[in-house]
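Quick look at entry30.cif (mmCIF, N, CA and C atoms):
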data_run
#
loop_
_atom_site.label_atom_id
_atom_site.label_comp_id
_atom_site.auth_asym_id
_atom_site.auth_seq_id
_atom_site.Cartn_x
_atom_site.Cartn_y
_atom_site.Cartn_z
N MET A 1 118.08 117.01 99.04
CA MET A 1 117.35 117.38 97.85
C MET A 1 116.05 116.57 97.80
N VAL A 2 114.98 117.23 97.51
CA VAL A 2 113.69 116.58 97.41
C VAL A 2 113.34 116.44 95.95
N GLY A 3 112.89 115.26 95.57
CA GLY A 3 112.55 115.05 94.17
C GLY A 3 111.59 113.90 94.00
N GLU A 4 111.33 113.59 92.79
CA GLU A 4 110.40 112.53 92.46
C GLU A 4 111.16 111.20 92.35
N SER A 5 110.61 110.16 92.96
CA SER A 5 111.23 108.84 92.88
C SER A 5 111.03 108.25 91.50
N ARG A 6 112.03 107.55 91.03
CA ARG A 6 111.91 106.91 89.73
C ARG A 6 111.52 105.44 89.85
N ARG A 7 111.31 105.00 91.09
CA ARG A 7 110.90 103.62 91.30
C ARG A 7 109.45 103.43 90.86
N ALA A 8 109.18 102.25 90.37
CA ALA A 8 107.81 101.92 89.97
C ALA A 8 106.95 101.75 91.22
N PRO A 9 105.71 102.18 91.19
CA PRO A 9 104.84 101.98 92.36
C PRO A 9 104.55 100.50 92.56
N TYR A 10 104.21 100.14 93.80
CA TYR A 10 103.87 98.76 94.09
C TYR A 10 102.68 98.33 93.24
N GLN A 11 102.81 97.18 92.63
CA GLN A 11 101.72 96.62 91.83
C GLN A 11 100.90 95.64 92.65
N ARG A 12 101.51 95.14 93.73
CA ARG A 12 100.86 94.15 94.58
C ARG A 12 100.98 94.61 96.02
N ARG A 13 100.37 93.82 96.90
CA ARG A 13 100.49 94.12 98.32
C ARG A 13 101.93 93.92 98.75
N PRO A 14 102.35 94.57 99.82
CA PRO A 14 103.72 94.37 100.29
C PRO A 14 103.96 92.90 100.64
N PRO A 15 105.17 92.39 100.39
CA PRO A 15 105.44 91.00 100.70
C PRO A 15 105.25 90.69 102.19
N GLY A 16 104.75 89.51 102.46
CA GLY A 16 104.59 89.09 103.85
C GLY A 16 103.23 89.40 104.43
N ARG A 17 102.42 90.15 103.73
CA ARG A 17 101.09 90.48 104.23
C ARG A 17 100.08 89.51 103.63
N LEU A 18 99.24 88.95 104.48
CA LEU A 18 98.23 88.00 104.02
C LEU A 18 96.84 88.56 104.26
N THR A 19 95.96 88.32 103.31
CA THR A 19 94.56 88.69 103.51
C THR A 19 93.90 87.60 104.35
N GLU A 20 92.73 87.89 104.85
CA GLU A 20 92.01 86.88 105.64
C GLU A 20 91.66 85.68 104.76
N GLU A 21 91.37 85.91 103.51
CA GLU A 21 91.07 84.82 102.57
C GLU A 21 92.30 83.90 102.40
N GLU A 22 93.48 84.50 102.29
CA GLU A 22 94.71 83.71 102.17
C GLU A 22 94.97 82.93 103.45
N ARG A 23 94.69 83.54 104.61
CA ARG A 23 94.87 82.82 105.87
C ARG A 23 93.96 81.60 105.94
N ARG A 24 92.71 81.76 105.51
CA ARG A 24 91.78 80.63 105.49
C ARG A 24 92.27 79.53 104.54
N ALA A 25 92.79 79.94 103.40
CA ALA A 25 93.31 78.96 102.43
C ALA A 25 94.49 78.19 103.01
N ILE A 26 95.38 78.89 103.70
CA ILE A 26 96.53 78.23 104.32
C ILE A 26 96.06 77.22 105.36
N ARG A 27 95.11 77.62 106.19
CA ARG A 27 94.59 76.69 107.21
C ARG A 27 93.96 75.47 106.57
N GLY A 28 93.30 75.65 105.46
CA GLY A 28 92.67 74.53 104.77
C GLY A 28 93.67 73.59 104.13
N LEU A 29 94.78 74.13 103.63
CA LEU A 29 95.78 73.33 102.94
C LEU A 29 96.83 72.74 103.89
N ALA A 30 96.95 73.29 105.08
CA ALA A 30 98.01 72.91 106.02
C ALA A 30 98.08 71.41 106.33
N PRO A 31 96.96 70.71 106.49
CA PRO A 31 97.07 69.29 106.82
C PRO A 31 97.74 68.44 105.74
N SER A 32 97.69 68.89 104.48
CA SER A 32 98.22 68.07 103.39
C SER A 32 99.49 68.63 102.75
N ARG A 33 99.96 69.78 103.22
CA ARG A 33 101.13 70.42 102.60
C ARG A 33 102.13 70.82 103.67
N SER A 34 103.38 70.97 103.27
CA SER A 34 104.41 71.42 104.22
C SER A 34 104.32 72.93 104.41
N LEU A 35 104.80 73.38 105.56
CA LEU A 35 104.83 74.81 105.83
C LEU A 35 105.64 75.55 104.78
N ARG A 36 106.77 74.97 104.41
CA ARG A 36 107.65 75.62 103.44
C ARG A 36 107.03 75.70 102.05
N SER A 37 106.29 74.68 101.64
CA SER A 37 105.65 74.76 100.31
C SER A 37 104.53 75.80 100.31
N LEU A 38 103.79 75.88 101.41
CA LEU A 38 102.75 76.91 101.52
C LEU A 38 103.38 78.30 101.55
N ALA A 39 104.48 78.43 102.27
CA ALA A 39 105.17 79.72 102.34
C ALA A 39 105.62 80.17 100.95
N ALA A 40 106.17 79.25 100.17
CA ALA A 40 106.62 79.60 98.82
C ALA A 40 105.44 80.00 97.94
N GLU A 41 104.34 79.30 98.06
CA GLU A 41 103.17 79.60 97.25
C GLU A 41 102.56 80.96 97.57
N PHE A 42 102.55 81.32 98.87
CA PHE A 42 101.91 82.57 99.28
C PHE A 42 102.90 83.73 99.44
N GLY A 43 104.18 83.47 99.23
CA GLY A 43 105.19 84.53 99.27
C GLY A 43 105.48 85.07 100.65
N VAL A 44 105.44 84.19 101.65
CA VAL A 44 105.75 84.57 103.03
C VAL A 44 106.72 83.56 103.61
N SER A 45 107.20 83.81 104.82
CA SER A 45 108.11 82.87 105.45
C SER A 45 107.34 81.69 106.03
N HIS A 46 108.06 80.59 106.25
CA HIS A 46 107.38 79.43 106.84
C HIS A 46 106.95 79.73 108.28
N GLU A 47 107.63 80.66 108.94
CA GLU A 47 107.23 81.06 110.29
C GLU A 47 105.89 81.81 110.26
N THR A 48 105.66 82.57 109.22
CA THR A 48 104.37 83.25 109.06
C THR A 48 103.27 82.22 108.86
N VAL A 49 103.56 81.22 108.03
CA VAL A 49 102.58 80.15 107.82
C VAL A 49 102.31 79.42 109.13
N ARG A 50 103.35 79.14 109.89
CA ARG A 50 103.18 78.46 111.17
C ARG A 50 102.29 79.29 112.10
N ALA A 51 102.51 80.59 112.13
CA ALA A 51 101.69 81.47 112.97
C ALA A 51 100.23 81.46 112.53
N VAL A 52 100.01 81.43 111.22
CA VAL A 52 98.64 81.40 110.71
C VAL A 52 97.96 80.09 111.11
N VAL A 53 98.68 78.98 110.95
CA VAL A 53 98.11 77.68 111.29
C VAL A 53 97.79 77.62 112.78
N ARG A 54 98.64 78.22 113.59
CA ARG A 54 98.40 78.26 115.04
C ARG A 54 97.48 79.39 115.44
N ARG A 55 97.04 80.16 114.45
CA ARG A 55 96.11 81.30 114.61
C ARG A 55 96.66 82.42 115.48
N ARG A 56 97.97 82.61 115.44
CA ARG A 56 98.57 83.77 116.09
C ARG A 56 98.49 84.93 115.13
N PRO A 57 98.30 86.14 115.64
CA PRO A 57 98.26 87.30 114.75
C PRO A 57 99.60 87.50 114.07
N THR A 58 99.58 87.88 112.79
CA THR A 58 100.80 88.19 112.06
C THR A 58 100.74 89.62 111.59
N ALA A 59 101.88 90.15 111.24
CA ALA A 59 101.97 91.54 110.80
C ALA A 59 101.26 91.77 109.50
#
Could I get this structure in the form of structure tokens?
Amino acid sequence: MVGESRRAPYQRRPPGRLTEEERRAIRGLAPSRSLRSLAAEFGVSHETVRAVVRRRPTA
């Protein structure tokens, strides 16, 4: 059956996606903050933060 979804549309970007501005902010804060605290602040995993700090491409 095809119908209309009753879910609310996304109000924000999908979780785990970072803008280039957010990546720059993470790189700037990385020397003074833990990966896990940055991950919590930006709503991504600490592995994503690690990849950003190491400048590996992320999804």
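One finds CA of Arg27 in chain A at 6.2 Å from atom C of Val52 in chain A.
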| field | All residues 12 Å or closer to Arg36 in chain A, only C-alpha atoms, same chain fewer than 3 positions away omitted, as an NGL selection string | value | :A and (26 or 30 or 33 or 39-50)
| remark: Computed gap from CA of Glu4 in chain A to atom N of Leu18 in chain A is 28.7 Å
Box dimensions and centre (Å, one decimal) enclosing range 37-56 of chain A, axis-aligned, 5 Å extra per side, as AutoDock Vina command-line options:
--center_x 102.1 --center_y 79.9 --center_z 106.7 --size_x 22.0 --size_y 20.4 --size_z 28.8
